[in-house]
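As provided, target.tsv (TSV, C-alpha atoms) reads as follows.
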chain	number	residue	atom	x	y	z
A	13	MET	CA	-138.34	-68.30	138.02
A	14	LEU	CA	-137.80	-64.61	138.72
A	15	ARG	CA	-139.03	-65.11	142.27
A	16	ILE	CA	-136.52	-67.93	142.79
A	17	LEU	CA	-133.65	-65.76	141.51
A	18	PHE	CA	-134.76	-62.91	143.75
A	19	ASN	CA	-134.86	-65.19	146.77
A	20	ILE	CA	-131.33	-66.42	146.02
A	21	PHE	CA	-130.16	-62.82	145.75
A	22	VAL	CA	-131.74	-61.95	149.12
A	23	ILE	CA	-130.14	-64.97	150.81
A	24	LEU	CA	-126.69	-64.11	149.46
A	25	THR	CA	-127.06	-60.48	150.51
A	26	LEU	CA	-128.10	-61.42	154.04
A	27	ASN	CA	-125.14	-63.79	154.30
A	28	ILE	CA	-122.73	-60.96	153.42
A	29	LEU	CA	-124.41	-58.60	155.89
A	30	CYS	CA	-124.04	-61.16	158.68
A	31	HIS	CA	-120.63	-62.65	157.99
A	32	GLY	CA	-118.59	-60.36	155.73
A	33	MET	CA	-116.45	-61.79	152.93
A	34	THR	CA	-113.12	-63.51	152.31
A	35	ASP	CA	-110.86	-62.84	149.34
A	36	LYS	CA	-110.43	-66.34	147.92
A	37	ALA	CA	-107.11	-65.43	146.31
A	38	THR	CA	-105.40	-64.58	149.62
A	39	GLY	CA	-107.69	-65.87	152.38
A	40	ILE	CA	-107.91	-62.35	153.84
A	41	ASP	CA	-111.18	-61.54	155.60
A	42	PHE	CA	-113.23	-58.34	155.43
A	43	SER	CA	-115.97	-57.35	157.87
A	44	ASN	CA	-119.46	-56.67	156.57
A	45	GLN	CA	-119.40	-52.96	157.47
A	46	LEU	CA	-116.92	-50.11	157.83
A	47	ASN	CA	-117.95	-46.81	159.41
A	48	GLY	CA	-121.58	-47.44	158.55
A	49	LEU	CA	-120.91	-48.40	154.92
A	50	ASP	CA	-121.77	-51.81	153.49
A	51	LEU	CA	-119.21	-54.17	151.99
A	52	PHE	CA	-119.86	-54.41	148.24
A	53	GLY	CA	-117.08	-56.79	147.22
A	54	VAL	CA	-113.48	-57.91	147.60
A	55	GLY	CA	-110.64	-58.61	145.18
A	56	VAL	CA	-106.91	-59.02	144.82
A	57	ARG	CA	-104.27	-56.70	143.39
A	58	LYS	CA	-101.63	-58.68	141.52
A	59	LYS	CA	-98.26	-57.75	140.04
A	60	GLY	CA	-97.39	-60.69	137.85
A	61	PRO	CA	-97.73	-63.83	139.98
A	62	ILE	CA	-97.48	-61.87	143.25
A	63	LYS	CA	-100.68	-61.24	145.20
A	64	VAL	CA	-99.72	-57.86	146.66
A	65	TYR	CA	-102.86	-57.02	148.62
A	66	SER	CA	-106.55	-57.69	148.94
A	67	VAL	CA	-109.00	-54.82	148.67
A	68	GLY	CA	-112.53	-54.44	149.93
A	69	MET	CA	-114.87	-51.68	148.80
A	70	TYR	CA	-117.47	-50.22	151.13
A	71	ALA	CA	-120.12	-47.86	149.82
A	72	SER	CA	-123.49	-46.28	150.50
A	73	SER	CA	-126.91	-47.89	150.64
A	74	ALA	CA	-128.01	-45.48	147.89
A	75	ALA	CA	-125.43	-46.95	145.51
A	76	LYS	CA	-126.40	-50.48	146.50
A	77	GLY	CA	-130.05	-49.69	145.84
A	78	ILE	CA	-129.25	-48.72	142.24
A	79	LEU	CA	-127.25	-51.89	141.62
A	80	GLY	CA	-129.90	-54.06	143.22
A	81	LYS	CA	-132.24	-53.30	140.33
A	82	LEU	CA	-129.79	-54.51	137.67
A	83	SER	CA	-128.92	-57.98	136.41
A	84	LYS	CA	-125.29	-58.88	135.86
A	85	LYS	CA	-126.22	-61.62	133.44
A	86	ALA	CA	-128.73	-59.60	131.40
A	87	ASP	CA	-126.46	-56.58	130.80
A	88	LYS	CA	-123.02	-56.81	132.38
A	89	ALA	CA	-121.71	-53.67	130.64
A	90	LYS	CA	-124.55	-51.60	132.07
A	91	ALA	CA	-124.03	-53.13	135.51
A	92	LEU	CA	-120.31	-52.26	135.48
A	93	ALA	CA	-121.01	-48.71	134.31
A	94	SER	CA	-123.66	-48.30	137.00
A	95	LEU	CA	-121.30	-49.66	139.65
A	96	ARG	CA	-118.78	-46.96	138.82
A	97	SER	CA	-121.25	-44.11	138.44
A	98	SER	CA	-123.37	-44.92	141.49
A	99	VAL	CA	-120.40	-45.21	143.84
A	100	LYS	CA	-119.04	-41.86	142.65
A	101	ALA	CA	-122.43	-40.13	142.63
A	102	HIS	CA	-123.37	-41.27	146.14
A	103	PRO	CA	-120.33	-40.80	148.38
A	104	PRO	CA	-118.74	-41.72	150.63
A	105	ALA	CA	-116.95	-44.87	149.50
A	106	SER	CA	-114.06	-46.51	151.32
A	107	PHE	CA	-111.36	-48.77	149.94
A	108	LEU	CA	-109.67	-50.96	152.53
A	109	LEU	CA	-106.36	-52.49	151.41
A	110	LYS	CA	-104.84	-55.35	153.39
A	111	MET	CA	-101.28	-56.27	152.52
A	112	ASN	CA	-100.46	-59.85	151.57
A	113	PHE	CA	-96.85	-59.13	150.56
A	114	ASN	CA	-94.08	-56.96	152.02
A	115	VAL	CA	-93.53	-53.68	150.14
A	116	GLY	CA	-91.27	-50.74	151.02
A	117	ALA	CA	-92.80	-47.42	152.04
A	118	GLU	CA	-91.61	-45.46	149.01
A	119	LYS	CA	-92.56	-48.20	146.59
A	120	MET	CA	-96.06	-48.56	148.02
A	121	ALA	CA	-96.72	-44.82	148.08
A	122	SER	CA	-95.40	-44.44	144.53
A	123	ALA	CA	-97.39	-47.40	143.26
A	124	ILE	CA	-100.70	-45.94	144.41
A	125	ALA	CA	-99.82	-42.40	143.31
A	126	ASP	CA	-98.81	-43.67	139.86
A	127	LEU	CA	-102.25	-45.26	139.46
A	128	VAL	CA	-104.08	-42.08	140.43
A	129	ALA	CA	-101.94	-39.67	138.40
A	130	PRO	CA	-103.26	-40.55	134.89
A	131	ARG	CA	-106.80	-40.19	136.20
A	132	HIS	CA	-106.34	-36.75	137.80
A	133	ASN	CA	-105.12	-33.42	136.45
A	134	SER	CA	-103.36	-32.05	139.53
A	135	PRO	CA	-99.85	-33.44	140.17
A	136	LYS	CA	-99.70	-31.37	143.35
A	137	GLU	CA	-102.71	-33.14	144.83
A	138	VAL	CA	-101.42	-36.55	143.78
A	139	ASP	CA	-98.11	-35.73	145.50
A	140	ALA	CA	-100.02	-34.77	148.65
A	141	LEU	CA	-101.75	-38.16	148.61
A	142	LYS	CA	-98.41	-39.91	148.08
A	143	THR	CA	-96.90	-38.05	151.03
A	144	LEU	CA	-99.70	-39.10	153.38
A	145	ILE	CA	-99.26	-42.75	152.39
A	146	PHE	CA	-95.48	-42.61	152.68
A	147	ASN	CA	-95.49	-40.84	156.05
A	148	GLY	CA	-97.96	-43.34	157.47
A	149	VAL	CA	-96.15	-46.48	156.40
A	150	SER	CA	-92.55	-45.28	156.81
A	151	LYS	CA	-93.11	-45.01	160.57
A	152	LYS	CA	-93.24	-48.82	160.69
A	153	GLY	CA	-90.45	-49.35	158.17
A	154	GLY	CA	-92.61	-50.52	155.28
A	155	ALA	CA	-95.91	-52.06	154.28
A	156	SER	CA	-95.41	-55.50	155.79
A	157	LYS	CA	-97.94	-58.31	155.45
A	158	GLY	CA	-101.00	-57.41	157.51
A	159	THR	CA	-100.61	-53.64	157.11
A	160	THR	CA	-103.89	-51.91	156.27
A	161	PHE	CA	-104.54	-48.80	154.21
A	162	GLN	CA	-107.93	-47.11	154.29
A	163	PHE	CA	-108.92	-44.52	151.70
A	164	ASP	CA	-112.19	-42.74	152.45
A	165	CYS	CA	-113.40	-41.08	149.27
A	166	GLU	CA	-115.77	-38.33	150.33
A	167	LYS	CA	-117.59	-35.60	148.41
A	168	HIS	CA	-114.93	-32.95	148.98
A	169	GLY	CA	-111.76	-34.97	149.43
A	170	ILE	CA	-110.02	-38.16	150.48
A	171	ASN	CA	-108.91	-39.30	153.94
A	172	VAL	CA	-105.95	-41.63	154.38
A	173	SER	CA	-105.39	-44.01	157.29
A	174	VAL	CA	-102.65	-46.58	157.88
A	175	ASP	CA	-103.27	-49.40	160.35
A	176	GLY	CA	-106.32	-47.52	161.62
A	177	THR	CA	-104.44	-44.28	162.31
A	178	LYS	CA	-105.57	-41.27	160.30
A	179	GLN	CA	-102.72	-39.65	158.37
A	180	GLY	CA	-104.58	-36.69	156.95
A	181	ASN	CA	-106.86	-35.42	154.21
A	182	VAL	CA	-106.42	-34.08	150.69
A	183	PRO	CA	-109.31	-31.64	150.09
A	184	SER	CA	-110.04	-32.39	146.45
A	185	ALA	CA	-113.28	-33.75	145.01
A	186	GLY	CA	-111.47	-34.58	141.78
A	187	LEU	CA	-108.80	-36.61	143.54
A	188	SER	CA	-111.47	-38.51	145.46
A	189	GLN	CA	-113.24	-39.41	142.22
A	190	ALA	CA	-109.97	-40.37	140.54
A	191	PHE	CA	-109.12	-42.73	143.38
A	192	CYS	CA	-112.47	-44.48	142.94
A	193	ASP	CA	-111.66	-44.94	139.26
A	194	VAL	CA	-108.44	-46.79	140.11
A	195	TYR	CA	-110.69	-49.66	141.23
A	196	MET	CA	-113.89	-48.98	139.31
A	197	ASP	CA	-113.06	-47.95	135.72
A	198	ASP	CA	-112.41	-50.23	132.75
A	199	LYS	CA	-108.65	-50.10	133.36
A	200	CYS	CA	-109.00	-50.94	137.05
A	201	VAL	CA	-106.24	-52.69	138.95
A	202	SER	CA	-108.50	-55.44	140.30
A	203	SER	CA	-111.09	-56.86	137.94
A	204	ALA	CA	-111.85	-59.40	140.67
A	205	LEU	CA	-113.14	-56.59	142.90
A	206	ARG	CA	-115.59	-55.34	140.27
A	207	GLU	CA	-116.80	-58.87	139.56
A	208	SER	CA	-117.31	-59.47	143.27
A	209	CYS	CA	-119.30	-56.24	143.61
A	210	LEU	CA	-121.61	-57.27	140.79
A	211	ASP	CA	-122.01	-60.78	142.16
A	212	ASN	CA	-123.00	-59.47	145.57
A	213	CYS	CA	-124.98	-56.32	144.74
A	214	CYS	CA	-126.79	-57.05	141.46
A	215	LEU	CA	-129.55	-59.45	140.61
A	216	PRO	CA	-128.33	-62.71	139.03

Can you dump the structure from the file as structure tokens?
Amino acid sequence: MLRILFNIFVILTLNILCHGMTDKATGIDFSNQLNGLDLFGVGVRKKGPIKVYSVGMYASSAAKGILGKLSKKADKAKALASLRSSVKAHPPASFLLKMNFNVGAEKMASAIADLVAPRHNSPKEVDALKTLIFNGVSKKGGASKGTTFQFDCEKHGINVSVDGTKQGNVPSAGLSQAFCDVYMDDKCVSSALRESCLDNCCLP
């Protein structure tokens, strides 16, 4: 039985590596790799009934190796905790946001900054992140459907890109970790993303 489950897990993993994934809530596709990092899972960010954007998380093979030894069904709490800790302990990790709904530049920048702020103790660094987001998206008038935001959470800071164009870096390890928590902690903004990561990276 264990061998059968393992074989299913391997088949699913190979399918993701070859074809990427689609967020079922929005129909938005994500490629299987981003800058050498593997796609762990995808999910949707909702505000009420509105599906604002889809998000894909890409992380290191070291983090995936840790999760690959755990069973979601046997101990989901441990799997979720390990997902969060392994991604933060083995940077980099990238979060790719793809807009499904039109949002103004100020509103989008503020929305993300407001999520990071309670998780980080430096308002100045959060404001720097907000400025990078705002400057990137205001050039096109707003975050229209199809706009992409890429947040590369590295060991010593976070890089921000809008539509593939790098906007800058905030050199803060704490801010980088806090951004990961927006999507990985127990108060995350997309439970669907965490569930997808477990489904695709853990044993059944």

Can you work out which one of A:Lys136, A:Lys90, A:Lys142, A:Lys167 has the shortest atom-to-atom distance to A:Gln189, counting only C-alpha atoms?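 Closest to A:Gln189 of all the choices is A:Lys167.
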
Please provide the set of residues having any atom within 8 Å of stretch 57-70 of chain A, restricted to all atoms listed in the file, with same-chain residues fewer than 5 positions apart removed, written as a short mmCIF file (atom, residue, chain, number, x, y, z; two decimals) with C-alpha atoms, keeping the file's coordinate frame.
data_model
loop_
_atom_site.label_atom_id
_atom_site.label_comp_id
_atom_site.auth_asym_id
_atom_site.auth_seq_id
_atom_site.Cartn_x
_atom_site.Cartn_y
_atom_site.Cartn_z
CA ASP A 35 -110.86 -62.84 149.34
CA ALA A 37 -107.11 -65.43 146.31
CA THR A 38 -105.40 -64.58 149.62
CA ILE A 40 -107.91 -62.35 153.84
CA PHE A 42 -113.23 -58.34 155.43
CA GLN A 45 -119.40 -52.96 157.47
CA LEU A 46 -116.92 -50.11 157.83
CA LEU A 49 -120.91 -48.40 154.92
CA ASP A 50 -121.77 -51.81 153.49
CA LEU A 51 -119.21 -54.17 151.99
CA PHE A 52 -119.86 -54.41 148.24
CA ALA A 105 -116.95 -44.87 149.50
CA SER A 106 -114.06 -46.51 151.32
CA PHE A 107 -111.36 -48.77 149.94
CA LEU A 108 -109.67 -50.96 152.53
CA LEU A 109 -106.36 -52.49 151.41
CA LYS A 110 -104.84 -55.35 153.39
CA MET A 111 -101.28 -56.27 152.52
CA ASN A 112 -100.46 -59.85 151.57
CA PHE A 113 -96.85 -59.13 150.56
CA ASN A 114 -94.08 -56.96 152.02
CA VAL A 201 -106.24 -52.69 138.95
CA SER A 202 -108.50 -55.44 140.30
CA LEU A 205 -113.14 -56.59 142.90
#

One number please: atom CA of A:Asp198 to atom CA of A:Lys88, in Å, one decimal. 12.5 Å

Please identify all polymer residues lying at most 8 Å from the point (-101.5, -55.7, 157.9) (file coordinates), using only C-alpha atoms, and present the result as a list in words. Lys110, Met111, Asn112, Ala155, Ser156, Lys157, Gly158, Thr159, Thr160 and Asp175 of chain A

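Taking atom CA of A:Pro183 as the reference point, atom CA of A:Lys100 is found at 16.0 Å.
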
For A:Val182, the closest of A:Thr143, A:Lys152, A:Asp197, A:Arg206 counting all atoms listed in the file is A:Thr143

For A:Pro104, the nearest of the candidates A:Asp164, A:Glu137, A:Asp126, A:Glu118, counting all atoms listed in the file: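 Checking each candidate against A:Pro104, we get A:Asp164 as the closest.
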
If you measure from atom CA of A:Asp139 to atom CA of A:Ala125, what distance in Å do you get, rounded to one decimal?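 Value for the atom CA of A:Asp139-atom CA of A:Ala125 distance: 7.2 Å.
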
Using only C-alpha atoms, which of A:Ala190, A:Val115, A:Ala204, A:Val99 sits nearest A:Leu141?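 That would be A:Ala190, the residue with the smallest distance to A:Leu141.
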
Box time for stretch 90-100 of chain A: axis-aligned, enclosing all its listed atoms, 4 Å extra on each side; report centre and edge lengths in Å to one decimal, as JSON.
{"center_x": -121.7, "center_y": -47.5, "center_z": 138.0, "size_x": 13.8, "size_y": 19.3, "size_z": 19.8}

Which of these, A:Gly53, A:Gly39, A:Gly186, A:Gly48, has the shortest distance to A:Pro135 once you count only C-alpha atoms?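 Using only C-alpha atoms, the shortest distance to A:Pro135 belongs to A:Gly186.
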
Residues within 7 Å of A:Lys81, please, as a PDB file with C-alpha atoms, in the coordinates of the input. Count all atoms listed in the file; anything in the same chain fewer than 3 positions from it doesn't count.
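Below you can see result_8.pdb, which holds the result:
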ATOM      1  CA  GLY A  77    -130.050 -49.690 145.840  1.00  0.00           C
ATOM      2  CA  ILE A  78    -129.250 -48.720 142.240  1.00  0.00           C
ATOM      3  CA  CYS A 214    -126.790 -57.050 141.460  1.00  0.00           C
ATOM      4  CA  LEU A 215    -129.550 -59.450 140.610  1.00  0.00           C
TER       5      LEU A 215
END

Taking the point (-102.3, -40.7, 157.5) as given in the file, collect each protein or nucleic acid residue that comes within 9 Å of it, counting all atoms listed in the file, and present the set as a list in words. Thr143, Leu144, Ile145, Phe146, Asn147, Gly148, Val149, Asn171, Val172, Ser173, Val174, Gly176, Thr177, Lys178, Gln179, Gly180 and Asn181 of chain A

Complete stretch 108-143 of chain A at the level of N, CA and C atoms, written as a short mmCIF file (atom, residue, chain, number, x, y, z; two decimals), in the coordinates of the input.
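After the write, part.cif holds the following:
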data_model
loop_
_atom_site.label_atom_id
_atom_site.label_comp_id
_atom_site.auth_asym_id
_atom_site.auth_seq_id
_atom_site.Cartn_x
_atom_site.Cartn_y
_atom_site.Cartn_z
N LEU A 108 -110.52 -50.43 151.47
CA LEU A 108 -109.67 -50.96 152.53
C LEU A 108 -108.69 -51.96 151.91
N LEU A 109 -107.40 -51.63 151.97
CA LEU A 109 -106.36 -52.49 151.41
C LEU A 109 -105.68 -53.23 152.55
N LYS A 110 -105.52 -54.54 152.39
CA LYS A 110 -104.84 -55.35 153.39
C LYS A 110 -103.68 -56.08 152.72
N MET A 111 -102.48 -55.76 153.18
CA MET A 111 -101.28 -56.27 152.52
C MET A 111 -101.12 -57.78 152.68
N ASN A 112 -100.74 -58.42 151.58
CA ASN A 112 -100.46 -59.85 151.57
C ASN A 112 -98.99 -60.11 151.25
N PHE A 113 -98.25 -59.03 150.99
CA PHE A 113 -96.85 -59.13 150.56
C PHE A 113 -96.11 -57.91 151.09
N ASN A 114 -94.87 -58.07 151.47
CA ASN A 114 -94.08 -56.96 152.02
C ASN A 114 -93.63 -56.01 150.90
N VAL A 115 -93.91 -54.72 151.11
CA VAL A 115 -93.53 -53.68 150.14
C VAL A 115 -92.96 -52.49 150.89
N GLY A 116 -91.88 -51.90 150.39
CA GLY A 116 -91.27 -50.74 151.02
C GLY A 116 -92.19 -49.54 151.00
N ALA A 117 -91.94 -48.59 151.91
CA ALA A 117 -92.80 -47.42 152.04
C ALA A 117 -92.83 -46.58 150.76
N GLU A 118 -91.68 -46.28 150.22
CA GLU A 118 -91.61 -45.46 149.01
C GLU A 118 -92.26 -46.16 147.83
N LYS A 119 -92.00 -47.44 147.71
CA LYS A 119 -92.56 -48.20 146.59
C LYS A 119 -94.08 -48.27 146.67
N MET A 120 -94.61 -48.47 147.86
CA MET A 120 -96.06 -48.56 148.02
C MET A 120 -96.72 -47.22 147.74
N ALA A 121 -96.16 -46.16 148.29
CA ALA A 121 -96.72 -44.82 148.08
C ALA A 121 -96.67 -44.45 146.61
N SER A 122 -95.55 -44.76 145.96
CA SER A 122 -95.40 -44.44 144.53
C SER A 122 -96.35 -45.26 143.67
N ALA A 123 -96.53 -46.52 144.05
CA ALA A 123 -97.39 -47.40 143.26
C ALA A 123 -98.83 -46.88 143.22
N ILE A 124 -99.33 -46.45 144.36
CA ILE A 124 -100.70 -45.94 144.41
C ILE A 124 -100.79 -44.59 143.71
N ALA A 125 -99.82 -43.72 143.95
CA ALA A 125 -99.82 -42.40 143.31
C ALA A 125 -99.75 -42.53 141.79
N ASP A 126 -98.96 -43.48 141.31
CA ASP A 126 -98.81 -43.67 139.86
C ASP A 126 -100.10 -44.16 139.21
N LEU A 127 -100.96 -44.82 139.99
CA LEU A 127 -102.25 -45.26 139.46
C LEU A 127 -103.25 -44.11 139.40
N VAL A 128 -103.15 -43.21 140.37
CA VAL A 128 -104.08 -42.08 140.43
C VAL A 128 -103.71 -41.00 139.41
N ALA A 129 -102.42 -40.78 139.22
CA ALA A 129 -101.94 -39.67 138.40
C ALA A 129 -102.56 -39.58 137.00
N PRO A 130 -102.66 -40.66 136.23
CA PRO A 130 -103.26 -40.55 134.89
C PRO A 130 -104.75 -40.25 134.92
N ARG A 131 -105.35 -40.39 136.07
CA ARG A 131 -106.80 -40.19 136.20
C ARG A 131 -107.14 -38.83 136.81
N HIS A 132 -106.12 -38.04 137.14
CA HIS A 132 -106.34 -36.75 137.80
C HIS A 132 -105.40 -35.70 137.22
N ASN A 133 -105.88 -34.46 137.15
CA ASN A 133 -105.12 -33.42 136.45
C ASN A 133 -104.33 -32.49 137.37
N SER A 134 -104.13 -32.88 138.61
CA SER A 134 -103.36 -32.05 139.53
C SER A 134 -102.22 -32.85 140.15
N PRO A 135 -101.02 -32.73 139.59
CA PRO A 135 -99.85 -33.44 140.17
C PRO A 135 -99.61 -33.06 141.63
N LYS A 136 -99.91 -31.82 141.98
CA LYS A 136 -99.70 -31.37 143.35
C LYS A 136 -100.56 -32.16 144.33
N GLU A 137 -101.81 -32.39 143.96
CA GLU A 137 -102.71 -33.14 144.83
C GLU A 137 -102.34 -34.61 144.90
N VAL A 138 -101.88 -35.16 143.78
CA VAL A 138 -101.42 -36.55 143.78
C VAL A 138 -100.19 -36.69 144.68
N ASP A 139 -99.29 -35.71 144.63
CA ASP A 139 -98.11 -35.73 145.50
C ASP A 139 -98.51 -35.65 146.97
N ALA A 140 -99.55 -34.88 147.26
CA ALA A 140 -100.02 -34.77 148.65
C ALA A 140 -100.55 -36.12 149.14
N LEU A 141 -101.27 -36.82 148.27
CA LEU A 141 -101.75 -38.16 148.61
C LEU A 141 -100.57 -39.11 148.84
N LYS A 142 -99.60 -39.06 147.96
CA LYS A 142 -98.41 -39.91 148.08
C LYS A 142 -97.68 -39.67 149.40
N THR A 143 -97.58 -38.41 149.79
CA THR A 143 -96.90 -38.05 151.03
C THR A 143 -97.61 -38.62 152.25
#
